[in-house]
Amino acid sequence: MTPTLYEPPREAASSVPRPSPLKGSLLTTFGWALAAAVLVWSWQGAEIRPWALVTDGGNMAELAADFFPPDFSDWRFYLEQMVVTLQIAVWGTVLSIVCAVPFGLLSAENVAPWWVRQPVRRLMDALRAINEMVFAMIFVVAVGLGPFAGVLALFVHTTGVLAKLFSEAVEAIDPRPVEGIRATGAHPLEEIVYGVIPQVMPLWISYSLYRFESNVRSATVVGMVGAGGIGVVLWELIRGFYFAQTCAVILVIVATVSLLDIVSARLRKLAI
Amino acid sequence: MKPAIEVERLSKSFGKPTPALDDVSLTVGEGEMVALIGPSGSGKSTLLRHLSGLALGEREWTPGRVRVLGREVQDGGRLASGIRRTRCEIGFIFQQFNLVGRLPVLTNVLAGRLGTMPLWRSLPKAFTAAEKAEALAALARVGIAECAVQRASTLSGGQQQRAAIARALVQGARVILADEPIASLDPRSARTVMDTLAAINRRDGITVVVSLHQVDYARRYCPRTVALRDGRIVFDGPSAELTPALLERIYGAEVQEVLGEAAIEAAPQRLTADLAAFAGAQHVGALEARV
Ligand SMILES: Nc1ncnc2c1ncn2[C@@H]1O[C@H](COP(=O)(O)OP(=O)(O)OP(=O)(O)O)[C@@H](O)[C@H]1O
Ligand SMILES: [Mg+2]
């Protein structure tokens with residue numbers, strides 16, 4: 001490219017072929033009809049009964065009343081278990097970052113050849129497609145009840161998620177600095193460490209923190225299938241109809257998750 | 001004179017009907033400083049990228065072959081196996097600098113060492129004190145030692161280009177390929193960068209091939225000029241022989257644009273004249289003061 005004075009692009013706007021108005025409106029009508037059909041079809045499948053809210057209204061009100069006031073008499077235990085949940089999330093996330101770096105690079109178009117990229121991508125797709133809860137149930141069987149099953153479940157699922165996010169960041173880099181490194185006779189690994197990683201680092205950090213936040217939320221749920229932490233407590237309380245205590249646990253979770261979201265959002269801003 | 005760069009019958013099409021390089025053969029001797037000129041799209045960048053194996057010639061057409069310092073770079077569209085070893089001796093300077101913006105300038109310069117460093121030391125960025133001292137010396141030589149710890153993206157264009165030259169020096173390059181190194185620089189930075197390249201060529205005997213858009217820079221800095229047009233070499237000889245008639249043949253209608261500084265320096269006067277015509281003669285003094 002040679003520097004030239006800026007000239008506004010001529011005829012760019014006028015030369016784009018536009019669909020005729022009639023064709024456009026037909027398409028729009030069809031689109032809305034399709035959307036409506038999907039909604040009706042899903043309504044039946046999901047067995048939605050809004051009137052149940054009215055007929056069972058008394059029931060619901062009674063249930064809600066049982067939640068209040070929350071019973072914090074066991075708060076030490078709840079906090080202890082909440083900390084265990086955070087610990088599950090920390091290790092689940094850290095392990096997944098360690099694995100997502102190589103897998104992310106290997107599934108990026110501008111780094112790996114197709115015969116490496118395609119199998120790695122499919123594997124990551126599979127890890128992402130299966131929910132943490134499902135992995136948790138499997139790992140509870142494999143390694144027994146307890147937090148470690150939760151760590152493994154988060155680790156495996158999050159690896160799939162982060163590898164995808166990491167590889168998208170890699171695919172969006174500026175190729176010129178990498179070529180600058182290559183031109184010095186550098187090894188492909190050096191091209192990655194010197195040319196690619198510095199460019200993607202802010203995004204990678206941001207994605208990792210975001211996944212940590214969301215893993216704290218997930219960690220409260222995987223407990224429900226016995227994979228440790230506050231989720232186990234929550235499940236026991238609900239099953240025993242101890243609603244006042246349930247309410248206390250939910251409030252502990254809400255407070256912790258909100259606090260973490262705020263801290264992590266701050267950190268993410270720092271990274272960029 | 002031993003040849004530093006040998007190109008034999010190199011062609012490249014990019015899948016288009018008009019080739020970007022059309023049967024190019026060229027020899028550059030060690031220690032030469034050669035300008036590569038030609039209109040936009042004539043294949044200057046493409047040729048330079050082939051010289052360092054960043055692009056590969058066509059397989060089917062002519063059996064294109066590139067050798068640098070006696071070592072094979074590519075042959076018949078295939079990259080030579082020892083290419084990394086050869087690239088260590090070729091410093092490549094890009095129009096857009098191609099530094100890693102988020103790394104410090106010093107690390108960018110130290111990257112010149114990567115080709116000859118073992119991985120166990122380069123991957124954790126464990127450079128020795130001697131290597132750092134050498135990189136600093138190279139930065140001092142191009143005149144930007146004070147910028148060493150800054151991020152490369154915070155440097156001006158001219159400073160970034162000099163950092164890129166420092167990288168080529170640290171590399172110990174014996175051939176420097178520079179692709180329009182001054183095209184995105186103001187005239188003063190452009191002269192500094194060209195002076196630096198000329199000094200490296202003369203003092204260290206490094207072979208320099210530099211593509212240029214302004215012909216007067218070619219005349220001033222390079223004894224020999226190679227001109228491309230539509231992927232073919234249409235002139236190869238002493239830069240002094242580039243007559244206006246020849247330039248017209250090389251550049252066609254674009255010729256006015258590339259004659260360069262004479263036209264650029266006339267611009268302020270022309271602007272003043274235009275303003276005078278616009279505002280009426282009595283205000284010229286005031287306008288000139290503002291311009
Ligand atoms: N990667 C590519 N893919 C397709 N075509 C390309 C590619 N690189 C270059 N070309 C084409 O090859 C021809 C020569 O391009 P090249 O960039 O070498 O010209 P140049 O002489 O460097 O021009 P400029 O002065 O504008 O930099 C052009 O027609 C260009 O469109
Ligand atoms: Mg070019």
# chains A, B, ... in the order shown; residues from 1 in each chain; ligands from 1
>>> residues_near_ligand(ligand="ligand 1", cutoff="6 Å", atoms="only C-alpha atoms and all ligand atoms", output="list in words")
Met1 and Thr2 of chain A; Phe14, Ala20, Pro39, Ser40, Gly41, Ser42, Gly43, Lys44, Ser45 and Thr46 of chain B
>>> write_last_selection(atoms="N, CA and C atoms", output="PDB file, in the first residue's frame")
ATOM      1  N   MET A   1       0.840  -1.208   0.000  1.00  0.00           N
ATOM      2  CA  MET A   1       0.000   0.000   0.000  1.00  0.00           C
ATOM      3  C   MET A   1       0.868   1.248   0.000  1.00  0.00           C
ATOM      4  N   THR A   2       0.452   2.169  -0.768  1.00  0.00           N
ATOM      5  CA  THR A   2       1.147   3.448  -0.760  1.00  0.00           C
ATOM      6  C   THR A   2       0.190   4.479  -0.213  1.00  0.00           C
TER       7      THR A   2
ATOM      8  N   PHE B  14      -0.827 -15.822  -7.507  1.00  0.00           N
ATOM      9  CA  PHE B  14      -1.919 -15.631  -6.536  1.00  0.00           C
ATOM     10  C   PHE B  14      -3.251 -16.036  -7.147  1.00  0.00           C
ATOM     11  N   ALA B  20       1.722 -11.726 -10.385  1.00  0.00           N
ATOM     12  CA  ALA B  20       2.357 -10.714  -9.536  1.00  0.00           C
ATOM     13  C   ALA B  20       3.857 -10.689  -9.789  1.00  0.00           C
ATOM     14  N   PRO B  39       5.536   0.910  -9.920  1.00  0.00           N
ATOM     15  CA  PRO B  39       4.235   1.435  -9.491  1.00  0.00           C
ATOM     16  C   PRO B  39       3.560   0.500  -8.491  1.00  0.00           C
ATOM     17  N   SER B  40       2.527   1.006  -7.845  1.00  0.00           N
ATOM     18  CA  SER B  40       1.784   0.224  -6.871  1.00  0.00           C
ATOM     19  C   SER B  40       1.237  -1.040  -7.532  1.00  0.00           C
ATOM     20  N   GLY B  41       1.442  -2.178  -6.881  1.00  0.00           N
ATOM     21  CA  GLY B  41       0.954  -3.442  -7.431  1.00  0.00           C
ATOM     22  C   GLY B  41       1.890  -4.078  -8.436  1.00  0.00           C
ATOM     23  N   SER B  42       3.106  -3.533  -8.573  1.00  0.00           N
ATOM     24  CA  SER B  42       4.021  -4.081  -9.574  1.00  0.00           C
ATOM     25  C   SER B  42       4.743  -5.326  -9.066  1.00  0.00           C
ATOM     26  N   GLY B  43       4.640  -5.622  -7.776  1.00  0.00           N
ATOM     27  CA  GLY B  43       5.228  -6.865  -7.269  1.00  0.00           C
ATOM     28  C   GLY B  43       6.446  -6.673  -6.379  1.00  0.00           C
ATOM     29  N   LYS B  44       6.703  -5.457  -5.919  1.00  0.00           N
ATOM     30  CA  LYS B  44       7.891  -5.204  -5.080  1.00  0.00           C
ATOM     31  C   LYS B  44       7.816  -5.999  -3.776  1.00  0.00           C
ATOM     32  N   SER B  45       6.703  -5.837  -3.051  1.00  0.00           N
ATOM     33  CA  SER B  45       6.572  -6.564  -1.779  1.00  0.00           C
ATOM     34  C   SER B  45       6.611  -8.059  -2.022  1.00  0.00           C
ATOM     35  N   THR B  46       5.919  -8.495  -3.063  1.00  0.00           N
ATOM     36  CA  THR B  46       5.869  -9.926  -3.349  1.00  0.00           C
ATOM     37  C   THR B  46       7.274 -10.469  -3.588  1.00  0.00           C
TER      38      THR B  46
END
>>> residues_around(residues="Gly70 in chain B", least_positions_apart="4", cutoff="10 Å", atoms="only C-alpha atoms", output="ChimeraX atom specification")
/B:2-6,66,86
>>> write_last_selection(atoms="all heavy atoms", output="mmCIF file, in the first residue's frame")
data_model
loop_
_atom_site.group_PDB
_atom_site.id
_atom_site.type_symbol
_atom_site.label_atom_id
_atom_site.label_comp_id
_atom_site.auth_asym_id
_atom_site.auth_seq_id
_atom_site.Cartn_x
_atom_site.Cartn_y
_atom_site.Cartn_z
ATOM 1 N N LYS B 2 31.030 -11.719 -4.840
ATOM 2 C CA LYS B 2 30.208 -12.901 -4.592
ATOM 3 C C LYS B 2 28.730 -12.513 -4.586
ATOM 4 O O LYS B 2 28.384 -11.457 -4.072
ATOM 5 C CB LYS B 2 30.592 -13.506 -3.240
ATOM 6 C CG LYS B 2 31.587 -14.633 -3.404
ATOM 7 C CD LYS B 2 32.039 -15.298 -2.124
ATOM 8 C CE LYS B 2 31.073 -15.393 -0.994
ATOM 9 N NZ LYS B 2 31.703 -15.887 0.244
ATOM 10 N N PRO B 3 27.872 -13.365 -5.135
ATOM 11 C CA PRO B 3 26.445 -13.014 -5.105
ATOM 12 C C PRO B 3 25.855 -13.218 -3.704
ATOM 13 O O PRO B 3 26.148 -14.216 -3.052
ATOM 14 C CB PRO B 3 25.815 -13.971 -6.110
ATOM 15 C CG PRO B 3 26.751 -15.120 -6.193
ATOM 16 C CD PRO B 3 28.121 -14.614 -5.874
ATOM 17 N N ALA B 4 25.041 -12.256 -3.255
ATOM 18 C CA ALA B 4 24.344 -12.392 -1.979
ATOM 19 C C ALA B 4 22.944 -12.937 -2.214
ATOM 20 O O ALA B 4 22.417 -13.724 -1.439
ATOM 21 C CB ALA B 4 24.266 -11.050 -1.267
ATOM 22 N N ILE B 5 22.315 -12.488 -3.302
ATOM 23 C CA ILE B 5 20.955 -12.917 -3.611
ATOM 24 C C ILE B 5 20.918 -13.402 -5.055
ATOM 25 O O ILE B 5 21.385 -12.700 -5.955
ATOM 26 C CB ILE B 5 19.960 -11.748 -3.453
ATOM 27 C CG1 ILE B 5 19.960 -11.251 -2.005
ATOM 28 C CG2 ILE B 5 18.563 -12.167 -3.888
ATOM 29 C CD1 ILE B 5 19.175 -9.970 -1.814
ATOM 30 N N GLU B 6 20.416 -14.598 -5.256
ATOM 31 C CA GLU B 6 20.257 -15.096 -6.623
ATOM 32 C C GLU B 6 18.812 -15.536 -6.816
ATOM 33 O O GLU B 6 18.320 -16.397 -6.090
ATOM 34 C CB GLU B 6 21.174 -16.300 -6.855
ATOM 35 C CG GLU B 6 22.646 -15.988 -6.713
ATOM 36 C CD GLU B 6 23.439 -17.233 -6.398
ATOM 37 O OE1 GLU B 6 23.572 -17.565 -5.214
ATOM 38 O OE2 GLU B 6 23.899 -17.892 -7.351
ATOM 39 N N VAL B 66 15.272 -19.455 -5.416
ATOM 40 C CA VAL B 66 15.884 -18.321 -4.723
ATOM 41 C C VAL B 66 16.986 -18.838 -3.817
ATOM 42 O O VAL B 66 16.793 -19.791 -3.064
ATOM 43 C CB VAL B 66 14.840 -17.561 -3.855
ATOM 44 C CG1 VAL B 66 15.517 -16.457 -3.066
ATOM 45 C CG2 VAL B 66 13.722 -16.996 -4.714
ATOM 46 N N THR B 86 18.758 -19.898 7.330
ATOM 47 C CA THR B 86 19.003 -18.856 6.330
ATOM 48 C C THR B 86 18.362 -17.536 6.750
ATOM 49 O O THR B 86 18.951 -16.474 6.595
ATOM 50 C CB THR B 86 18.439 -19.296 4.959
ATOM 51 O OG1 THR B 86 18.831 -20.642 4.725
ATOM 52 C CG2 THR B 86 18.940 -18.410 3.851
#
>>> interface_residues(of="chain B", to="chain A", cutoff="9 Å", atoms="only C-alpha atoms", output="ChimeraX atom specification")
/B:40-41,52-54,83-103,107-108,111-117,119,122-125,164,167-168,171,173,180,183-184,213
>>> residues_around(residues="Val216 in chain A", least_positions_apart="6", cutoff="7 Å", atoms="only C-alpha atoms", output="number ranges by chain")
A: 85-86, 89
>>> select_by_dssp(residues="range 35-95 of chain B", states="alpha helix (DSSP H)", output="number ranges by chain")
B: 44-51, 83-87
